[in-house]
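Participant: Dropping in model21.pdb, with PDB, C-alpha atoms.
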ATOM      1  CA  MET A 136     174.094  29.645  81.048  1.00  0.00           C
ATOM      2  CA  ALA A 137     175.156  27.254  83.775  1.00  0.00           C
ATOM      3  CA  ALA A 138     171.517  26.350  84.444  1.00  0.00           C
ATOM      4  CA  VAL A 139     171.041  25.371  80.777  1.00  0.00           C
ATOM      5  CA  VAL A 140     174.191  23.242  80.780  1.00  0.00           C
ATOM      6  CA  ILE A 141     173.182  21.535  84.048  1.00  0.00           C
ATOM      7  CA  TYR A 142     169.693  20.893  82.689  1.00  0.00           C
ATOM      8  CA  LEU A 143     171.071  19.443  79.446  1.00  0.00           C
ATOM      9  CA  TRP A 144     173.471  17.215  81.363  1.00  0.00           C
ATOM     10  CA  SER A 145     170.656  15.909  83.595  1.00  0.00           C
ATOM     11  CA  VAL A 146     168.464  15.208  80.566  1.00  0.00           C
ATOM     12  CA  LEU A 147     171.271  13.381  78.791  1.00  0.00           C
ATOM     13  CA  ASP A 148     171.983  11.409  81.946  1.00  0.00           C
ATOM     14  CA  ALA A 149     168.332  10.367  82.325  1.00  0.00           C
ATOM     15  CA  SER A 150     167.670   9.776  78.638  1.00  0.00           C
ATOM     16  CA  ARG A 151     166.948   6.379  77.165  1.00  0.00           C
ATOM     17  CA  GLY A 152     169.286   6.694  74.241  1.00  0.00           C
ATOM     18  CA  PRO A 153     170.242   8.593  71.094  1.00  0.00           C
ATOM     19  CA  GLN A 154     166.597   9.243  70.167  1.00  0.00           C
ATOM     20  CA  ASP A 155     166.210  11.448  73.249  1.00  0.00           C
ATOM     21  CA  TRP A 156     169.540  13.128  72.601  1.00  0.00           C
ATOM     22  CA  LEU A 157     168.418  14.073  69.098  1.00  0.00           C
ATOM     23  CA  MET A 158     165.317  15.736  70.528  1.00  0.00           C
ATOM     24  CA  ILE A 159     166.925  17.719  73.368  1.00  0.00           C
ATOM     25  CA  LEU A 160     170.397  18.640  72.101  1.00  0.00           C
ATOM     26  CA  PRO A 161     169.249  20.917  69.250  1.00  0.00           C
ATOM     27  CA  ALA A 162     166.923  22.786  71.619  1.00  0.00           C
ATOM     28  CA  GLY A 163     169.704  23.128  74.166  1.00  0.00           C
ATOM     29  CA  LEU A 164     172.183  24.374  71.595  1.00  0.00           C
ATOM     30  CA  VAL A 165     169.670  26.927  70.323  1.00  0.00           C
ATOM     31  CA  CYS A 166     169.104  28.066  73.915  1.00  0.00           C
ATOM     32  CA  ILE A 167     172.836  28.433  74.550  1.00  0.00           C
ATOM     33  CA  ALA A 168     173.287  30.316  71.261  1.00  0.00           C
ATOM     34  CA  ALA A 169     170.392  32.639  72.173  1.00  0.00           C
ATOM     35  CA  LEU A 170     171.900  33.315  75.589  1.00  0.00           C
ATOM     36  CA  LEU A 171     175.284  34.088  74.050  1.00  0.00           C
ATOM     37  CA  TRP A 172     173.674  36.325  71.422  1.00  0.00           C
ATOM     38  CA  ALA A 173     171.611  38.190  74.024  1.00  0.00           C
ATOM     39  CA  GLY A 174     174.612  38.650  76.293  1.00  0.00           C
ATOM     40  CA  GLY A 175     176.766  39.851  73.422  1.00  0.00           C
ATOM     41  CA  SER A 176     174.166  42.305  72.196  1.00  0.00           C
ATOM     42  CA  ASP A 177     173.792  43.687  75.739  1.00  0.00           C
ATOM     43  CA  VAL A 178     177.532  44.285  75.908  1.00  0.00           C
ATOM     44  CA  VAL A 179     177.521  46.012  72.521  1.00  0.00           C
ATOM     45  CA  ARG A 180     174.483  48.109  73.459  1.00  0.00           C
ATOM     46  CA  GLU A 181     176.066  49.251  76.737  1.00  0.00           C
ATOM     47  CA  SER A 182     179.290  50.184  74.984  1.00  0.00           C
ATOM     48  CA  ARG A 183     177.494  52.552  72.579  1.00  0.00           C
ATOM     49  CA  ASP A 184     177.279  56.172  73.515  1.00  0.00           C
ATOM     50  CA  THR A 185     173.566  57.056  73.581  1.00  0.00           C
ATOM     51  CA  THR A 186     174.267  60.773  73.798  1.00  0.00           C
ATOM     52  CA  GLU A 187     175.462  60.800  70.188  1.00  0.00           C
ATOM     53  CA  THR A 188     172.151  59.582  68.819  1.00  0.00           C
ATOM     54  CA  GLY A 189     170.109  61.745  71.153  1.00  0.00           C
ATOM     55  CA  SER A 190     167.411  59.102  71.512  1.00  0.00           C
ATOM     56  CA  GLU A 191     167.491  57.197  74.731  1.00  0.00           C
ATOM     57  CA  ARG A 192     164.306  55.172  75.137  1.00  0.00           C
ATOM     58  CA  ASP A 193     162.767  54.271  78.452  1.00  0.00           C
ATOM     59  CA  SER A 194     163.048  50.503  78.369  1.00  0.00           C
ATOM     60  CA  SER A 195     161.420  49.900  81.759  1.00  0.00           C
ATOM     61  CA  LEU A 196     158.022  49.398  80.084  1.00  0.00           C
ATOM     62  CA  LEU A 197     159.299  46.899  77.508  1.00  0.00           C
ATOM     63  CA  PRO A 198     159.201  43.713  79.653  1.00  0.00           C
ATOM     64  CA  PRO A 199     155.618  44.280  80.890  1.00  0.00           C
ATOM     65  CA  ALA A 200     154.514  45.188  77.356  1.00  0.00           C
ATOM     66  CA  LEU A 201     156.037  41.985  75.967  1.00  0.00           C
ATOM     67  CA  LEU A 202     154.378  39.946  78.733  1.00  0.00           C
ATOM     68  CA  VAL A 203     151.000  41.453  77.870  1.00  0.00           C
ATOM     69  CA  LEU A 204     151.641  40.659  74.212  1.00  0.00           C
ATOM     70  CA  ILE A 205     152.484  37.040  75.087  1.00  0.00           C
ATOM     71  CA  CYS A 206     149.348  36.797  77.231  1.00  0.00           C
ATOM     72  CA  LEU A 207     147.328  37.928  74.209  1.00  0.00           C
ATOM     73  CA  TYR A 208     149.222  35.648  71.817  1.00  0.00           C
ATOM     74  CA  ALA A 209     148.664  32.418  73.759  1.00  0.00           C
ATOM     75  CA  PRO A 210     144.844  32.398  73.626  1.00  0.00           C
ATOM     76  CA  ALA A 211     144.844  33.928  70.136  1.00  0.00           C
ATOM     77  CA  ALA A 212     146.781  30.945  68.817  1.00  0.00           C
ATOM     78  CA  GLY A 213     143.909  28.683  69.802  1.00  0.00           C
ATOM     79  CA  LEU A 214     141.206  31.026  68.523  1.00  0.00           C
ATOM     80  CA  ILE A 215     142.513  32.284  65.178  1.00  0.00           C
ATOM     81  CA  GLY A 216     145.173  29.639  64.563  1.00  0.00           C
ATOM     82  CA  PHE A 217     148.829  29.328  65.433  1.00  0.00           C
ATOM     83  CA  ASP A 218     149.973  30.483  62.013  1.00  0.00           C
ATOM     84  CA  ILE A 219     148.019  33.753  61.911  1.00  0.00           C
ATOM     85  CA  ALA A 220     148.643  34.513  65.602  1.00  0.00           C
ATOM     86  CA  THR A 221     152.376  33.987  65.105  1.00  0.00           C
ATOM     87  CA  ALA A 222     152.409  36.129  61.964  1.00  0.00           C
ATOM     88  CA  ILE A 223     150.849  38.942  64.025  1.00  0.00           C
ATOM     89  CA  PHE A 224     152.877  38.365  67.195  1.00  0.00           C
ATOM     90  CA  ILE A 225     156.343  38.487  65.626  1.00  0.00           C
ATOM     91  CA  PRO A 226     156.065  41.968  64.060  1.00  0.00           C
ATOM     92  CA  ALA A 227     154.163  43.288  67.093  1.00  0.00           C
ATOM     93  CA  ALA A 228     157.013  42.177  69.366  1.00  0.00           C
ATOM     94  CA  LEU A 229     159.568  43.688  66.999  1.00  0.00           C
ATOM     95  CA  VAL A 230     157.708  47.007  66.905  1.00  0.00           C
ATOM     96  CA  LEU A 231     157.697  47.067  70.716  1.00  0.00           C
ATOM     97  CA  GLN A 232     161.451  46.553  70.619  1.00  0.00           C
ATOM     98  CA  GLY A 233     161.987  49.429  68.207  1.00  0.00           C
ATOM     99  CA  GLU A 234     161.954  47.957  64.698  1.00  0.00           C
ATOM    100  CA  ARG A 235     160.163  50.276  62.285  1.00  0.00           C
ATOM    101  CA  ARG A 236     161.176  49.107  58.779  1.00  0.00           C
ATOM    102  CA  PRO A 237     158.161  47.479  57.090  1.00  0.00           C
ATOM    103  CA  VAL A 238     160.258  45.204  54.903  1.00  0.00           C
ATOM    104  CA  HIS A 239     162.119  43.788  57.900  1.00  0.00           C
ATOM    105  CA  LEU A 240     158.877  43.375  59.828  1.00  0.00           C
ATOM    106  CA  GLY A 241     157.286  41.534  56.914  1.00  0.00           C
ATOM    107  CA  LEU A 242     160.275  39.278  56.317  1.00  0.00           C
ATOM    108  CA  ALA A 243     160.559  38.447  60.014  1.00  0.00           C
ATOM    109  CA  SER A 244     156.850  37.729  60.210  1.00  0.00           C
ATOM    110  CA  LEU A 245     156.706  35.449  57.178  1.00  0.00           C
ATOM    111  CA  GLY A 246     160.073  33.811  57.772  1.00  0.00           C
ATOM    112  CA  GLY A 247     159.538  33.298  61.492  1.00  0.00           C
ATOM    113  CA  THR A 248     156.052  31.897  60.995  1.00  0.00           C
ATOM    114  CA  ALA A 249     157.203  29.555  58.228  1.00  0.00           C
ATOM    115  CA  LEU A 250     160.133  28.358  60.329  1.00  0.00           C
ATOM    116  CA  LEU A 251     157.998  27.709  63.399  1.00  0.00           C
ATOM    117  CA  MET A 252     155.332  25.927  61.368  1.00  0.00           C
ATOM    118  CA  TRP A 253     157.945  23.729  59.718  1.00  0.00           C
ATOM    119  CA  VAL A 254     159.606  22.858  63.041  1.00  0.00           C
ATOM    120  CA  PHE A 255     156.364  22.030  64.841  1.00  0.00           C
ATOM    121  CA  LEU A 256     154.465  20.325  62.027  1.00  0.00           C
ATOM    122  CA  ASP A 257     157.209  18.508  60.123  1.00  0.00           C
ATOM    123  CA  LEU A 258     160.140  17.996  62.485  1.00  0.00           C
ATOM    124  CA  LEU A 259     158.346  17.519  65.800  1.00  0.00           C
ATOM    125  CA  ALA A 260     155.024  16.246  64.385  1.00  0.00           C
ATOM    126  CA  VAL A 261     153.026  18.421  66.802  1.00  0.00           C
ATOM    127  CA  ARG A 262     149.403  19.035  65.884  1.00  0.00           C
ATOM    128  CA  LEU A 263     148.686  22.756  66.039  1.00  0.00           C
ATOM    129  CA  PRO A 264     145.486  24.726  65.568  1.00  0.00           C
ATOM    130  CA  VAL A 265     146.234  26.239  62.177  1.00  0.00           C
ATOM    131  CA  THR A 266     144.147  28.363  59.854  1.00  0.00           C
ATOM    132  CA  VAL A 267     146.032  28.514  56.559  1.00  0.00           C
ATOM    133  CA  LEU A 268     147.832  25.173  56.295  1.00  0.00           C
TER     134      LEU A 268
END
Go ahead and express the file in the form of structure tokens.

Facilitator:
Amino acid sequence: MAAVVIYLWSVLDASRGPQDWLMILPAGLVCIAALLWAGGSDVVRESRDTTETGSERDSSLLPPALLVLICLYAPAAGLIGFDIATAIFIPAALVLQGERRPVHLGLASLGGTALLMWVFLDLLAVRLPVTVL
């Protein structure tokens, strides 16, 4: 958390003006919110008693599996398009993390892809290799 705050402060200090602030502050706030959310969910997860559910998963393979998935996602975005690759990547990552409800996987896939496409194409005006749009 401190590293994010220090980075944001250095960017604000070196920025040319409000235009730069408007580009970096939202990303920094999202990063801080994600860190707080992840830390809070770790605390909640550790406080649960896993013996009651009887299903304790071996999570030591999750980070390497997600890294492999990311390594497949990056070149796939250029080959089949960012939109389709993202729509496949999001539910695949959720399945690796334990989500099994098809409705939630579908909503996360469509909503996450639409959100990312909107942010990159409309807000940031970044040209992406897309298939559908």

Participant: Give me the residues near A:Met252 as a ChimeraX atom specification, where near means some atom within 10 Å (using all atoms listed in the file) and where sequence neighbours in that chain fewer than 4 positions away do not count.

Facilitator: /A:217-218,221,246-248,256-259,261,263,265,268

Participant: Report the distance between atom CA of A:His239 and atom CA of A:Leu204 in Å, rounded to one decimal place.

Facilitator: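 Atom-to-atom, atom CA of A:His239 and atom CA of A:Leu204 are spaced 19.6 Å apart.
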
Participant: Using only C-alpha atoms, determine which residues lie at most 10 Å from stretch 205-213 of chain A, disregarding the query and same-chain residues fewer than 6 positions distant; provide the list as a list in words.

Facilitator: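 My reading of the contact set: Pro199, Ile219, Ala220, Thr221, Ile223, Phe224, Ile225, Ala228, Leu263, Pro264, Val265 and Thr266 of chain A.
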
Participant: Taking the file as I've supplied it (selection: the PyMOL selection byres ((chain A and resi 232-235) around 10)), which residues are included? Please answer as a VMD selection string.

Facilitator: chain A and resid 192 194 197 to 198 200 to 201 226 to 231 236 to 240

Participant: Just want the 10 Å neighbourhood of A:Gly163, counted on only C-alpha atoms, with same-chain residues fewer than 5 positions away dropped. Output as a list in words.

Facilitator: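 In the requested format, the answer is Val139, Val140, Tyr142, Leu143, Met158, Ala168 and Ala169 of chain A.
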
Participant: Enclose all atoms of stretch 238-242 of chain A listed in the file in an axis-aligned box, grow every side by 6 Å, and hand back centre and edge lengths in Å to one decimal, as AutoDock Vina command-line options.

Facilitator:
--center_x 159.7 --center_y 42.2 --center_z 57.4 --size_x 16.8 --size_y 17.9 --size_z 16.9

Participant: So what do you get for atom CA of A:Leu157 versus atom CA of A:Ala249, distance-wise?

Facilitator: 22.0 Å

Participant: To one decimal in Å, tell me the separation between atom CA of A:Ser244 and atom CA of A:Ile159.

Facilitator: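 Result for atom CA of A:Ser244 versus atom CA of A:Ile159: 26.0 Å, one decimal.
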
Participant: Selecting all heavy atoms, how would stretch 242-257 of chain A from this structure be written as a PDB file, in the first residue's frame?

Facilitator:
ATOM      1  N   LEU A 242     -22.025 -13.419 -16.454  1.00  0.00           N
ATOM      2  CA  LEU A 242     -22.158 -11.987 -16.147  1.00  0.00           C
ATOM      3  C   LEU A 242     -20.797 -11.330 -15.964  1.00  0.00           C
ATOM      4  O   LEU A 242     -20.564 -10.213 -16.429  1.00  0.00           O
ATOM      5  CB  LEU A 242     -23.016 -11.792 -14.899  1.00  0.00           C
ATOM      6  CG  LEU A 242     -24.502 -12.084 -15.055  1.00  0.00           C
ATOM      7  CD1 LEU A 242     -25.208 -11.996 -13.709  1.00  0.00           C
ATOM      8  CD2 LEU A 242     -25.126 -11.129 -16.059  1.00  0.00           C
ATOM      9  N   ALA A 243     -19.887 -12.012 -15.291  1.00  0.00           N
ATOM     10  CA  ALA A 243     -18.544 -11.461 -15.095  1.00  0.00           C
ATOM     11  C   ALA A 243     -17.817 -11.338 -16.424  1.00  0.00           C
ATOM     12  O   ALA A 243     -17.125 -10.344 -16.673  1.00  0.00           O
ATOM     13  CB  ALA A 243     -17.748 -12.338 -14.130  1.00  0.00           C
ATOM     14  N   SER A 244     -17.991 -12.329 -17.275  1.00  0.00           N
ATOM     15  CA  SER A 244     -17.333 -12.303 -18.577  1.00  0.00           C
ATOM     16  C   SER A 244     -17.842 -11.152 -19.443  1.00  0.00           C
ATOM     17  O   SER A 244     -17.059 -10.354 -19.954  1.00  0.00           O
ATOM     18  CB  SER A 244     -17.564 -13.630 -19.297  1.00  0.00           C
ATOM     19  OG  SER A 244     -17.000 -13.598 -20.580  1.00  0.00           O
ATOM     20  N   LEU A 245     -19.150 -11.058 -19.581  1.00  0.00           N
ATOM     21  CA  LEU A 245     -19.721  -9.997 -20.419  1.00  0.00           C
ATOM     22  C   LEU A 245     -19.519  -8.618 -19.806  1.00  0.00           C
ATOM     23  O   LEU A 245     -19.130  -7.674 -20.495  1.00  0.00           O
ATOM     24  CB  LEU A 245     -21.204 -10.259 -20.650  1.00  0.00           C
ATOM     25  CG  LEU A 245     -21.531 -11.492 -21.491  1.00  0.00           C
ATOM     26  CD1 LEU A 245     -23.036 -11.698 -21.554  1.00  0.00           C
ATOM     27  CD2 LEU A 245     -20.944 -11.364 -22.873  1.00  0.00           C
ATOM     28  N   GLY A 246     -19.791  -8.514 -18.504  1.00  0.00           N
ATOM     29  CA  GLY A 246     -19.627  -7.215 -17.844  1.00  0.00           C
ATOM     30  C   GLY A 246     -18.183  -6.754 -17.793  1.00  0.00           C
ATOM     31  O   GLY A 246     -17.876  -5.586 -18.058  1.00  0.00           O
ATOM     32  N   GLY A 247     -17.287  -7.665 -17.463  1.00  0.00           N
ATOM     33  CA  GLY A 247     -15.862  -7.308 -17.396  1.00  0.00           C
ATOM     34  C   GLY A 247     -15.315  -6.935 -18.756  1.00  0.00           C
ATOM     35  O   GLY A 247     -14.556  -5.961 -18.891  1.00  0.00           O
ATOM     36  N   THR A 248     -15.693  -7.682 -19.778  1.00  0.00           N
ATOM     37  CA  THR A 248     -15.224  -7.374 -21.132  1.00  0.00           C
ATOM     38  C   THR A 248     -15.774  -6.032 -21.597  1.00  0.00           C
ATOM     39  O   THR A 248     -15.039  -5.212 -22.151  1.00  0.00           O
ATOM     40  CB  THR A 248     -15.637  -8.490 -22.109  1.00  0.00           C
ATOM     41  OG1 THR A 248     -15.069  -9.715 -21.655  1.00  0.00           O
ATOM     42  CG2 THR A 248     -15.156  -8.196 -23.508  1.00  0.00           C
ATOM     43  N   ALA A 249     -17.058  -5.804 -21.365  1.00  0.00           N
ATOM     44  CA  ALA A 249     -17.656  -4.520 -21.769  1.00  0.00           C
ATOM     45  C   ALA A 249     -17.007  -3.355 -21.040  1.00  0.00           C
ATOM     46  O   ALA A 249     -16.702  -2.323 -21.649  1.00  0.00           O
ATOM     47  CB  ALA A 249     -19.163  -4.545 -21.504  1.00  0.00           C
ATOM     48  N   LEU A 250     -16.756  -3.521 -19.753  1.00  0.00           N
ATOM     49  CA  LEU A 250     -16.115  -2.456 -18.977  1.00  0.00           C
ATOM     50  C   LEU A 250     -14.710  -2.172 -19.489  1.00  0.00           C
ATOM     51  O   LEU A 250     -14.332  -1.004 -19.688  1.00  0.00           O
ATOM     52  CB  LEU A 250     -16.087  -2.822 -17.494  1.00  0.00           C
ATOM     53  CG  LEU A 250     -15.401  -1.823 -16.571  1.00  0.00           C
ATOM     54  CD1 LEU A 250     -16.197  -0.526 -16.508  1.00  0.00           C
ATOM     55  CD2 LEU A 250     -15.225  -2.409 -15.186  1.00  0.00           C
ATOM     56  N   LEU A 251     -13.924  -3.207 -19.699  1.00  0.00           N
ATOM     57  CA  LEU A 251     -12.559  -3.002 -20.188  1.00  0.00           C
ATOM     58  C   LEU A 251     -12.541  -2.384 -21.578  1.00  0.00           C
ATOM     59  O   LEU A 251     -11.717  -1.506 -21.872  1.00  0.00           O
ATOM     60  CB  LEU A 251     -11.796  -4.324 -20.178  1.00  0.00           C
ATOM     61  CG  LEU A 251     -11.370  -4.807 -18.806  1.00  0.00           C
ATOM     62  CD1 LEU A 251     -10.803  -6.220 -18.889  1.00  0.00           C
ATOM     63  CD2 LEU A 251     -10.351  -3.872 -18.197  1.00  0.00           C
ATOM     64  N   MET A 252     -13.436  -2.829 -22.445  1.00  0.00           N
ATOM     65  CA  MET A 252     -13.497  -2.249 -23.788  1.00  0.00           C
ATOM     66  C   MET A 252     -13.871  -0.769 -23.722  1.00  0.00           C
ATOM     67  O   MET A 252     -13.293   0.054 -24.424  1.00  0.00           O
ATOM     68  CB  MET A 252     -14.508  -3.016 -24.651  1.00  0.00           C
ATOM     69  CG  MET A 252     -14.111  -4.449 -24.934  1.00  0.00           C
ATOM     70  SD  MET A 252     -12.590  -4.607 -25.854  1.00  0.00           S
ATOM     71  CE  MET A 252     -13.081  -3.938 -27.412  1.00  0.00           C
ATOM     72  N   TRP A 253     -14.830  -0.450 -22.887  1.00  0.00           N
ATOM     73  CA  TRP A 253     -15.243   0.952 -22.748  1.00  0.00           C
ATOM     74  C   TRP A 253     -14.107   1.806 -22.217  1.00  0.00           C
ATOM     75  O   TRP A 253     -13.836   2.887 -22.749  1.00  0.00           O
ATOM     76  CB  TRP A 253     -16.457   1.032 -21.824  1.00  0.00           C
ATOM     77  CG  TRP A 253     -16.901   2.439 -21.530  1.00  0.00           C
ATOM     78  CD1 TRP A 253     -17.435   3.333 -22.408  1.00  0.00           C
ATOM     79  CD2 TRP A 253     -16.821   3.106 -20.276  1.00  0.00           C
ATOM     80  NE1 TRP A 253     -17.710   4.521 -21.768  1.00  0.00           N
ATOM     81  CE2 TRP A 253     -17.344   4.407 -20.463  1.00  0.00           C
ATOM     82  CE3 TRP A 253     -16.376   2.735 -19.019  1.00  0.00           C
ATOM     83  CZ2 TRP A 253     -17.401   5.329 -19.429  1.00  0.00           C
ATOM     84  CZ3 TRP A 253     -16.446   3.653 -17.990  1.00  0.00           C
ATOM     85  CH2 TRP A 253     -16.957   4.933 -18.199  1.00  0.00           C
ATOM     86  N   VAL A 254     -13.410   1.326 -21.186  1.00  0.00           N
ATOM     87  CA  VAL A 254     -12.305   2.098 -20.600  1.00  0.00           C
ATOM     88  C   VAL A 254     -11.205   2.318 -21.630  1.00  0.00           C
ATOM     89  O   VAL A 254     -10.744   3.438 -21.835  1.00  0.00           O
ATOM     90  CB  VAL A 254     -11.752   1.397 -19.339  1.00  0.00           C
ATOM     91  CG1 VAL A 254     -10.424   1.988 -18.918  1.00  0.00           C
ATOM     92  CG2 VAL A 254     -12.747   1.486 -18.200  1.00  0.00           C
ATOM     93  N   PHE A 255     -10.771   1.249 -22.298  1.00  0.00           N
ATOM     94  CA  PHE A 255      -9.658   1.393 -23.233  1.00  0.00           C
ATOM     95  C   PHE A 255     -10.039   2.149 -24.497  1.00  0.00           C
ATOM     96  O   PHE A 255      -9.292   3.023 -24.949  1.00  0.00           O
ATOM     97  CB  PHE A 255      -9.074   0.028 -23.600  1.00  0.00           C
ATOM     98  CG  PHE A 255      -8.168  -0.529 -22.546  1.00  0.00           C
ATOM     99  CD1 PHE A 255      -8.506  -1.678 -21.869  1.00  0.00           C
ATOM    100  CD2 PHE A 255      -6.975   0.099 -22.223  1.00  0.00           C
ATOM    101  CE1 PHE A 255      -7.683  -2.200 -20.901  1.00  0.00           C
ATOM    102  CE2 PHE A 255      -6.145  -0.404 -21.243  1.00  0.00           C
ATOM    103  CZ  PHE A 255      -6.486  -1.558 -20.582  1.00  0.00           C
ATOM    104  N   LEU A 256     -11.178   1.831 -25.086  1.00  0.00           N
ATOM    105  CA  LEU A 256     -11.538   2.454 -26.359  1.00  0.00           C
ATOM    106  C   LEU A 256     -12.085   3.868 -26.199  1.00  0.00           C
ATOM    107  O   LEU A 256     -11.709   4.766 -26.958  1.00  0.00           O
ATOM    108  CB  LEU A 256     -12.552   1.591 -27.100  1.00  0.00           C
ATOM    109  CG  LEU A 256     -12.041   0.222 -27.573  1.00  0.00           C
ATOM    110  CD1 LEU A 256     -13.172  -0.563 -28.212  1.00  0.00           C
ATOM    111  CD2 LEU A 256     -10.881   0.373 -28.522  1.00  0.00           C
ATOM    112  N   ASP A 257     -12.970   4.081 -25.254  1.00  0.00           N
ATOM    113  CA  ASP A 257     -13.634   5.383 -25.141  1.00  0.00           C
ATOM    114  C   ASP A 257     -12.923   6.345 -24.192  1.00  0.00           C
ATOM    115  O   ASP A 257     -12.711   7.503 -24.525  1.00  0.00           O
ATOM    116  CB  ASP A 257     -15.081   5.207 -24.703  1.00  0.00           C
ATOM    117  CG  ASP A 257     -15.916   4.529 -25.770  1.00  0.00           C
ATOM    118  OD1 ASP A 257     -15.538   4.593 -26.954  1.00  0.00           O
ATOM    119  OD2 ASP A 257     -16.941   3.920 -25.422  1.00  0.00           O
TER     120      ASP A 257
END
